[in-house]
Structures are given as structure tokens and as C-alpha cells.
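A.B. asks: First the structure, which I've put down as C-alpha cells, then a few questions once you've had a look.
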Amino acid sequence: MAHLRSRRRLALAVPVVLSLTASLGFLPSAASAAPAAGTVARAADGPNLAYVVNTRTDRRTIESVRREIARNGGTVVATYDRIGVIVVHSANPDFGARMRAVRGVDSAGATRTAPLSAAGTTDEGSAQVLSRAEQARLASSAAAGEEPLEADQWDLRAIGADRAARINPGSRNVTVGVIDTGVDDTHPDIAPNFSASQSASCVSGKADTTYGAWRPADADHYHGTHVAGEIAAARNGIGVAGVAPGVKVASITVAQPDATSLFYPESVVCAFVFAADHGIEITNNSYYVDPWLYNCMDDPDQRAIVDAVNRAQLYAQRKGTLNVASAGNSNHDLDADAIVDDSSPDDSTAQTRTIDPHECFDVPTQLPGVVTVSAVGVKGTKSYYSSYGRGVVDVAGPGGDKYQIPDTPSKNGRILSTMPNNQYGFLQGTSMASPHVAAVAALLKSTHPHATPAQLQALLKAEADNPGCPAEPYDGDGDGVVDATCAGGKRVNGFYGFGVVNALRAVK
């Protein structure tokens, strides 16, 4: 499975946000004229690719651009007129360049480097699925009032979620949208809190609300189901408990249904718009948008990806949706002068390049207003894989760490949650940290129903517990080599942002 996870910033994140905002603000409005009248592009002498074409939002411009799309060999898949994003398929190898020369087009580019057909999620390593015998053995350790497998959920206790549930498990008026590989809503721990009316598949770039379209393609697409359980698994005497077991959870599927499970930009654009238009208060984004780990603004295709996804997520914010995203599992310093990216593009042949994370953006993680989440283990210290960065990471959450061993029945430092086909399993990653934060945000929204996305983010930061930078050099895997350097102080720093979120404070 590709790259599930993600990140963002505000407050001290001003330098990067200003850099991104400035870059987007000066996107060229394209050349002054379209191709000469009567020139019809060749439509089928290249690979069939998906594109995003970003325009002004007035009806006249959009209709004019749609005509030029057809003239240049493109087929419109979906038009998001409220944000000026048009999703297109075309086999014309010159399509992107031609559309960038059209009057009214702000940016346009391919969203993939491989032909259509065939994500990145951010879990680290393979899943460990519990057998029925293991479930029975662990259930014998449950204390009175606990869910059968809760003794192994060290993460709930780490942020006070077990105690918070006794005060306020969350409101049924709050929904967290899981933008992911799909959610198995038939799982007995998820079914009680699942919102079908707010769920869809956005895989094609256009929302499909057919019943069940939001479900994972197969059992290997387990990531979204695990995330959903971390957020809102019901306290119903079955299996595990979520951080916010009283809120609703919805599924917006964006992963390709094949083995790649890639998360393409047009699918994510669709997901943010769908969430906004269907009253979802919070989205969880445990991935980066494929095929580029970092999208550089000096590349026209990558620039168009940043523009399109940013328009969609800002639209969601304006409609009242808080977007939460994971920081990534590369152990990258996202405030560094340079990062080596040897994984992009991930849908064809990757090439090694050195990028500046202030000019090349992990999407949606580094977009304005998105809550960027790093991961910690049971000891409350940064997980060995978690990316970090002063002014980039907003808060941290339990994501698991196989090197930090808890005093639990299984002694497993990863995160236990729901899996497809009524199963349970352990995973670790910033993919697991982000839903903990999204769930705490849902508890805050339950307590403060009129809070705006910006106010919820401020509350997450104000109520977090910050351990400060470690006193000793950081050696996450214990091999004697310094793996990362934490910059900042006790109040805010690169490892934890403003600190590890606190569910108990969110409900008090």
C-alpha cells in the first residue's frame, strides 16, 4: 500500500504559509490568447492522463474554458465551479501546455505520470491482524467497564480519552469524514456511528453516492477502516473503543481500487468539496496526494496540483470544516533547507531530487489552515519514523512506535483498531496520530458547537501537553545514531508543535 498520512501549520508556521500563499497568489493567469481558431488538438497520440484545470469561478469563464478543453482533446469528468477546478481526461500529450495558454486559466497540469488504470497512506510497516484466539485472550484482561480489547489501547489512556468518554463521548451532531481507502461500515464497532448520507466514493474525481460505494475495494485496503475505528469505534461491549465514541464517522473513498491504492489529486479535490457540501465538521487526511511526495511550484503540473487541492480544502474551511492531516513517516525535518526525495513520482519511475520544503509542498499537509500532526509512542516521545519541523507541526498524537513498549497484555507499541471483515489489528504511523487529533477536535466541536475551524485549531493547541525537546540527542531506534534534532522550546517545538493533544481537557 502506498503512502497513507500527512501535515500542516499556522501560528509559527507563518513563514511557510506566507511562502505558499505568495506562490499561489502569483500564479500566472496564462497567456493572453488561446490557440488559433480552427486548431483542433490531436486527441489520442499520447497516454490517457488525468488533469486539473484551474480557472476563475464566474460562469462565463468556466464555460469558455470547457469549450477549450474539448477543442484540445480533453473530456470533462467533473466541474467544481465554486472553486474553479475542472477535472479532465486527455490523451493529447500537449494538453497541459495548451490549456495553460488559454485565457482565464490560472494553472493546469497532469495529476499523474502513468496512464489511467493501473496514495499514499501513512502507516509504517504491515498490519498485525489479531486472530480470534488472540482476541479472546486479550479480552480476558479487560477491566470492568472497559471494551473487551481496551486493555491494549494504551493510546486512549495516554490522552485521557478513556476518562473523557465518561464525561462526554461526543455529539451525534458532529461528523468526522475519513478521506481514505474506504471504511467497512458493516464492522460492529463502526456500524453504530456510521453516517451513510455523508459518505461517497471520489475515486473517479466525481462523487459517487451509490450505496456502499464508500467501502474498501478489498481487505487489503484496510487503512480507512483502522482510522475510522480510532476515531469513533462505539463503546458497545464489542472489541475496541474510539477516542470520540459518540460522534459520527463518514467515509469518502479516494484510493485507487488496485494494489497501488494511490490517492490522486482529482479524487482529493472531490473529497474536500463533498465533505464541505455535506456538513462534515472535520476531515481526517492520513495520506499525501500522489504521485509527488513534494509538489514544487516551479513545475507547472505540480503547481496545478497544489492550486487545485488548496482551492478545495480552503472551500471546506470556509464552509466550517477543520482539516487534520498527518506529517509523514519519512523522519524528514519539514523546516530544513533541503530534503532528498527519492520516491517521486510513485506511479511510474521515481527519480532522486533535492527539494526545499518551503517551496515544494507536501499536499494537503502543508496547505494553509490544515492541522499538521506528528506521532508519539507510549513514552510520549516522537515516534522514530515521524516527520517533524518547527513552524510546520501543529500538534502531536499517539501514532505508535515499535521501539516504545507499553505495559499492556500484548506489549505491542502500535495502535490497535478495527479492520475489515469484523477483525482488529495493530498499525503504527502518523496515519494513526492524525485520527487521534481529529477525534479530539470532534470532542472540542461537541463541547463548543459554534467554534470555527480556526478556533478549534487554537483550542487543540491551547489544551495540548508539550514535553519539550528531549534533553539528550534523539535516537529513535536505539542504534546509537542521532536520528533527528528538535528545535524550539517548551511551549512550541519541531517535534510536537504545541504538544500532544488532550481528550479529557477537550470535554471539560
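Residues are named by chain letter and number: chains run A, B, ... in the order of the C-alpha cells, numbers start at 1 in each chain, and ligands are numbered from 1 in the order shown.
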List as an NGL selection string the protein and nucleic acid residues near A:Ile69, meaning an atom at most 8 Å away when only C-alpha atoms are counted, but skip any in the same chain fewer than 6 places from it.

C.D. replies: :A and (75-76 or 88 or 99)

A.B. asks: I need the chosen residues saved as an mmCIF file, in the first residue's frame, with all heavy atoms.

C.D. replies:
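Now in result07.cif:
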data_model
loop_
_atom_site.group_PDB
_atom_site.id
_atom_site.type_symbol
_atom_site.label_atom_id
_atom_site.label_comp_id
_atom_site.auth_asym_id
_atom_site.auth_seq_id
_atom_site.Cartn_x
_atom_site.Cartn_y
_atom_site.Cartn_z
ATOM 1 N N THR A 75 -11.706 15.538 -22.114
ATOM 2 C CA THR A 75 -13.057 15.166 -21.717
ATOM 3 C C THR A 75 -13.258 15.557 -20.258
ATOM 4 O O THR A 75 -12.489 15.124 -19.387
ATOM 5 C CB THR A 75 -13.278 13.652 -21.867
ATOM 6 O OG1 THR A 75 -13.055 13.278 -23.232
ATOM 7 C CG2 THR A 75 -14.689 13.263 -21.456
ATOM 8 N N VAL A 76 -14.263 16.377 -19.991
ATOM 9 C CA VAL A 76 -14.516 16.839 -18.624
ATOM 10 C C VAL A 76 -15.117 15.709 -17.798
ATOM 11 O O VAL A 76 -16.119 15.099 -18.193
ATOM 12 C CB VAL A 76 -15.457 18.054 -18.619
ATOM 13 C CG1 VAL A 76 -15.859 18.425 -17.189
ATOM 14 C CG2 VAL A 76 -14.786 19.248 -19.298
ATOM 15 N N VAL A 88 -10.237 16.700 -15.789
ATOM 16 C CA VAL A 88 -10.276 16.356 -17.210
ATOM 17 C C VAL A 88 -9.448 15.098 -17.479
ATOM 18 O O VAL A 88 -8.431 14.869 -16.818
ATOM 19 C CB VAL A 88 -9.696 17.516 -18.063
ATOM 20 C CG1 VAL A 88 -9.763 17.188 -19.553
ATOM 21 C CG2 VAL A 88 -10.428 18.817 -17.764
ATOM 22 N N MET A 99 -3.613 24.189 -22.447
ATOM 23 C CA MET A 99 -4.591 24.779 -21.538
ATOM 24 C C MET A 99 -3.982 25.910 -20.718
ATOM 25 O O MET A 99 -4.680 26.865 -20.347
ATOM 26 C CB MET A 99 -5.187 23.706 -20.624
ATOM 27 C CG MET A 99 -6.088 22.706 -21.335
ATOM 28 S SD MET A 99 -7.387 23.474 -22.353
ATOM 29 C CE MET A 99 -8.254 24.457 -21.135
#

A.B. asks: For stretch 79-87 of chain A, list every protein, DNA or RNA residue within 6 Å, evaluated using only C-alpha atoms, and leave out those in the same chain fewer than 6 positions away; present the list as a PyMOL selection string.

C.D. replies: chain A and resi 51-57+311

A.B. asks: Might you pull out every residue within 12 Å of A:Val254, with only C-alpha atoms counted and same-chain residues fewer than 5 positions away left off, and present them as a PyMOL selection string?

C.D. replies: chain A and resi 4+119-121+177-183+199-208+213-217+221+223-224+261-272+274+285-290

A.B. asks: Quote the spacing between atom CA of A:Val440 and atom CA of A:Asp407 in Å to one decimal place.

C.D. replies: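 We find that atom CA of A:Val440 and atom CA of A:Asp407 lie 24.0 Å from each other.
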
A.B. asks: Given only C-alpha atoms as the basis, pick out the residue of A:Ala101, A:Ala144, A:Val174, A:Ala375 nearest to A:Pro398.

C.D. replies: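 So, comparing all the options, the nearest one is A:Ala375.
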
A.B. asks: Can you tell me, as a PyMOL selection string, what residues are no more than 10 Å from stretch 412-417 of chain A when counting only C-alpha atoms, ignoring any on the same chain fewer than 5 positions away?

C.D. replies: chain A and resi 124+127-130+149-150+152-156+189+225-231+233+239-242+377-379+398-407+423-429+432-433

A.B. asks: Check stretch 9-251 of chain A with DSSP on the backbone and list each residue it calls helix (DSSP H, G or I), as number ranges by chain.

C.D. replies: A: 11-25, 59-71, 95-100, 132-139, 150-152, 154-158, 161-167, 191-193, 196-198, 223-232

A.B. asks: When DSSP is applied to the backbone of this structure, which of stretch 190-338 of chain A are assigned strand (DSSP E or B)? Write them out as a short mmCIF file (atom, residue, chain, number, x, y, z; two decimals) with all heavy atoms, in the first residue's frame.

C.D. replies:
data_model
loop_
_atom_site.label_atom_id
_atom_site.label_comp_id
_atom_site.auth_asym_id
_atom_site.auth_seq_id
_atom_site.Cartn_x
_atom_site.Cartn_y
_atom_site.Cartn_z
N PHE A 194 -21.88 5.12 12.03
CA PHE A 194 -21.56 5.42 10.64
C PHE A 194 -22.66 6.26 10.00
O PHE A 194 -23.85 6.01 10.18
CB PHE A 194 -21.37 4.14 9.83
CG PHE A 194 -20.82 4.38 8.46
CD1 PHE A 194 -19.47 4.67 8.28
CD2 PHE A 194 -21.64 4.36 7.34
CE1 PHE A 194 -18.95 4.92 7.01
CE2 PHE A 194 -21.14 4.61 6.07
CZ PHE A 194 -19.78 4.87 5.91
N ALA A 200 -19.29 8.72 0.40
CA ALA A 200 -19.27 8.59 -1.06
C ALA A 200 -17.92 8.02 -1.50
O ALA A 200 -16.98 7.93 -0.70
CB ALA A 200 -19.51 9.94 -1.72
N SER A 201 -17.84 7.68 -2.77
CA SER A 201 -16.56 7.39 -3.41
C SER A 201 -16.22 8.54 -4.33
O SER A 201 -17.04 8.96 -5.16
CB SER A 201 -16.63 6.10 -4.22
OG SER A 201 -15.44 5.95 -5.01
N ASP A 208 -19.55 9.60 -6.11
CA ASP A 208 -20.49 8.51 -6.35
C ASP A 208 -21.12 8.16 -5.01
O ASP A 208 -20.46 7.65 -4.11
CB ASP A 208 -19.75 7.30 -6.94
CG ASP A 208 -20.65 6.09 -7.12
OD1 ASP A 208 -21.88 6.20 -6.90
OD2 ASP A 208 -20.11 5.01 -7.46
N LYS A 248 -20.23 10.81 14.95
CA LYS A 248 -20.44 10.02 13.74
C LYS A 248 -19.17 10.04 12.88
O LYS A 248 -18.35 10.97 12.97
CB LYS A 248 -21.62 10.56 12.95
CG LYS A 248 -22.96 10.37 13.64
CD LYS A 248 -24.13 10.71 12.74
CE LYS A 248 -24.16 12.18 12.40
NZ LYS A 248 -25.37 12.54 11.60
N VAL A 249 -19.04 9.02 12.06
CA VAL A 249 -17.91 8.95 11.14
C VAL A 249 -18.44 8.64 9.75
O VAL A 249 -19.41 7.88 9.59
CB VAL A 249 -16.89 7.87 11.60
CG1 VAL A 249 -17.47 6.48 11.53
CG2 VAL A 249 -15.60 7.96 10.81
N ALA A 250 -17.87 9.29 8.75
CA ALA A 250 -18.26 9.08 7.36
C ALA A 250 -17.04 8.65 6.56
O ALA A 250 -15.89 8.90 6.96
CB ALA A 250 -18.85 10.35 6.77
N SER A 251 -17.28 8.01 5.42
CA SER A 251 -16.19 7.53 4.56
C SER A 251 -16.26 8.23 3.22
O SER A 251 -17.30 8.20 2.54
CB SER A 251 -16.31 6.01 4.36
OG SER A 251 -15.38 5.56 3.39
N ILE A 252 -15.15 8.86 2.83
CA ILE A 252 -15.02 9.41 1.48
C ILE A 252 -13.81 8.71 0.85
O ILE A 252 -12.66 9.02 1.18
CB ILE A 252 -14.84 10.93 1.49
CG1 ILE A 252 -15.93 11.61 2.33
CG2 ILE A 252 -14.86 11.46 0.06
CD1 ILE A 252 -15.77 13.10 2.47
N THR A 253 -14.09 7.76 -0.01
CA THR A 253 -13.03 6.92 -0.58
C THR A 253 -12.33 7.65 -1.71
O THR A 253 -12.97 8.15 -2.64
CB THR A 253 -13.63 5.60 -1.11
OG1 THR A 253 -14.36 4.98 -0.06
CG2 THR A 253 -12.54 4.67 -1.59
N ALA A 255 -8.87 6.30 -2.63
CA ALA A 255 -7.78 5.42 -3.07
C ALA A 255 -8.17 4.64 -4.30
O ALA A 255 -9.29 4.14 -4.42
CB ALA A 255 -7.41 4.45 -1.95
N PHE A 263 -3.60 7.87 -4.13
CA PHE A 263 -4.53 8.96 -3.83
C PHE A 263 -4.25 10.11 -4.79
O PHE A 263 -3.40 10.95 -4.52
CB PHE A 263 -4.32 9.47 -2.39
CG PHE A 263 -4.80 8.57 -1.30
CD1 PHE A 263 -4.59 7.21 -1.32
CD2 PHE A 263 -5.44 9.11 -0.20
CE1 PHE A 263 -5.02 6.40 -0.29
CE2 PHE A 263 -5.88 8.31 0.84
CZ PHE A 263 -5.67 6.94 0.79
N ILE A 282 -15.26 17.87 10.43
CA ILE A 282 -13.82 17.61 10.50
C ILE A 282 -13.47 16.54 9.46
O ILE A 282 -14.22 15.56 9.31
CB ILE A 282 -13.42 17.12 11.91
CG1 ILE A 282 -13.65 18.22 12.94
CG2 ILE A 282 -11.95 16.68 11.96
CD1 ILE A 282 -14.02 17.72 14.30
N THR A 283 -12.36 16.72 8.76
CA THR A 283 -11.86 15.64 7.92
C THR A 283 -10.53 15.15 8.44
O THR A 283 -9.73 15.92 8.98
CB THR A 283 -11.67 16.07 6.45
OG1 THR A 283 -10.59 17.03 6.35
CG2 THR A 283 -12.94 16.65 5.87
N ASN A 284 -10.30 13.85 8.29
CA ASN A 284 -9.00 13.27 8.62
C ASN A 284 -8.31 12.86 7.32
O ASN A 284 -8.90 12.19 6.47
CB ASN A 284 -9.14 12.04 9.51
CG ASN A 284 -7.78 11.51 9.89
OD1 ASN A 284 -7.12 12.03 10.79
ND2 ASN A 284 -7.31 10.48 9.19
N ASN A 285 -7.05 13.27 7.20
CA ASN A 285 -6.28 13.06 5.98
C ASN A 285 -4.96 12.38 6.31
O ASN A 285 -3.94 13.04 6.54
CB ASN A 285 -6.06 14.39 5.28
CG ASN A 285 -7.36 15.10 4.97
OD1 ASN A 285 -7.95 14.90 3.92
ND2 ASN A 285 -7.83 15.93 5.90
N TYR A 287 -2.61 10.72 4.61
CA TYR A 287 -2.03 10.38 3.32
C TYR A 287 -1.30 11.60 2.78
O TYR A 287 -1.40 12.70 3.32
CB TYR A 287 -3.13 10.00 2.31
CG TYR A 287 -4.13 11.11 2.09
CD1 TYR A 287 -3.93 12.08 1.11
CD2 TYR A 287 -5.25 11.24 2.90
CE1 TYR A 287 -4.82 13.13 0.94
CE2 TYR A 287 -6.15 12.27 2.74
CZ TYR A 287 -5.93 13.22 1.75
OH TYR A 287 -6.80 14.26 1.60
N ASN A 295 5.33 18.72 -3.95
CA ASN A 295 4.95 19.36 -5.20
C ASN A 295 5.64 20.72 -5.31
O ASN A 295 5.38 21.62 -4.50
CB ASN A 295 3.43 19.55 -5.24
CG ASN A 295 2.70 18.23 -5.33
OD1 ASN A 295 2.43 17.72 -6.41
ND2 ASN A 295 2.37 17.66 -4.18
N CYS A 296 6.51 20.85 -6.30
CA CYS A 296 7.34 22.05 -6.44
C CYS A 296 6.66 23.08 -7.33
O CYS A 296 6.16 22.77 -8.41
CB CYS A 296 8.70 21.68 -7.00
SG CYS A 296 9.66 20.60 -5.89
N LEU A 322 -12.89 21.65 9.60
CA LEU A 322 -11.50 21.63 10.03
C LEU A 322 -10.82 20.42 9.40
O LEU A 322 -11.30 19.29 9.53
CB LEU A 322 -11.40 21.53 11.56
CG LEU A 322 -9.97 21.41 12.12
CD1 LEU A 322 -9.21 22.72 11.92
CD2 LEU A 322 -10.00 21.03 13.60
N ASN A 323 -9.71 20.64 8.71
CA ASN A 323 -8.98 19.56 8.06
C ASN A 323 -7.73 19.21 8.86
O ASN A 323 -6.91 20.08 9.17
CB ASN A 323 -8.59 19.99 6.64
CG ASN A 323 -9.80 20.36 5.80
OD1 ASN A 323 -10.80 19.64 5.81
ND2 ASN A 323 -9.74 21.48 5.10
N VAL A 324 -7.61 17.94 9.21
CA VAL A 324 -6.49 17.44 10.03
C VAL A 324 -5.70 16.46 9.18
O VAL A 324 -6.28 15.61 8.49
CB VAL A 324 -7.01 16.74 11.30
CG1 VAL A 324 -5.86 16.21 12.15
CG2 VAL A 324 -7.88 17.70 12.12
N ALA A 325 -4.36 16.55 9.22
CA ALA A 325 -3.54 15.72 8.34
C ALA A 325 -2.27 15.27 9.05
O ALA A 325 -1.76 15.95 9.94
CB ALA A 325 -3.20 16.48 7.08
N SER A 326 -1.76 14.13 8.63
CA SER A 326 -0.57 13.55 9.25
C SER A 326 0.71 14.11 8.63
O SER A 326 0.74 14.50 7.47
CB SER A 326 -0.60 12.02 9.11
OG SER A 326 -0.74 11.64 7.77
N ASP A 333 12.81 16.59 8.37
CA ASP A 333 12.65 17.89 9.01
C ASP A 333 12.00 18.80 7.98
O ASP A 333 12.64 19.23 7.02
CB ASP A 333 14.01 18.44 9.45
CG ASP A 333 13.89 19.79 10.15
OD1 ASP A 333 12.77 20.36 10.19
OD2 ASP A 333 14.92 20.29 10.64
#

A.B. asks: Name all residues at most 12 Å from stretch 338-354 of chain A (count only C-alpha atoms; drop same-chain ones fewer than 6 positions away) and give them as number ranges by chain.

C.D. replies: A: 1-3, 49, 111-120, 256, 259-264, 288-296, 301-302, 330-332, 360-362, 387, 389

A.B. asks: Find the residue from A:Leu367, A:Val392, A:Ala244, A:Ala462 that sits nearest to A:Ala442; use only C-alpha atoms when measuring.

C.D. replies: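 Smallest distance to A:Ala442 is found for A:Ala244.
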
A.B. asks: What is the atom CA of A:Ala70 to atom CA of A:Ala304 distance in Å?

C.D. replies: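 It comes out at 19.1 Å.
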
A.B. asks: Quick check, in Å to one decimal: how far apart do atom CA of A:Gly46 and atom CA of A:Val363 lie?

C.D. replies: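 Taking atom CA of A:Gly46 and atom CA of A:Val363, their separation equals 27.2 Å.
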
A.B. asks: Quick one: of A:Gly328, A:Pro169, A:Pro409, A:Gly74, who's nearest to A:Thr430, counting only C-alpha atoms?

C.D. replies: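 Under the stated criterion, the closest residue is A:Gly328.
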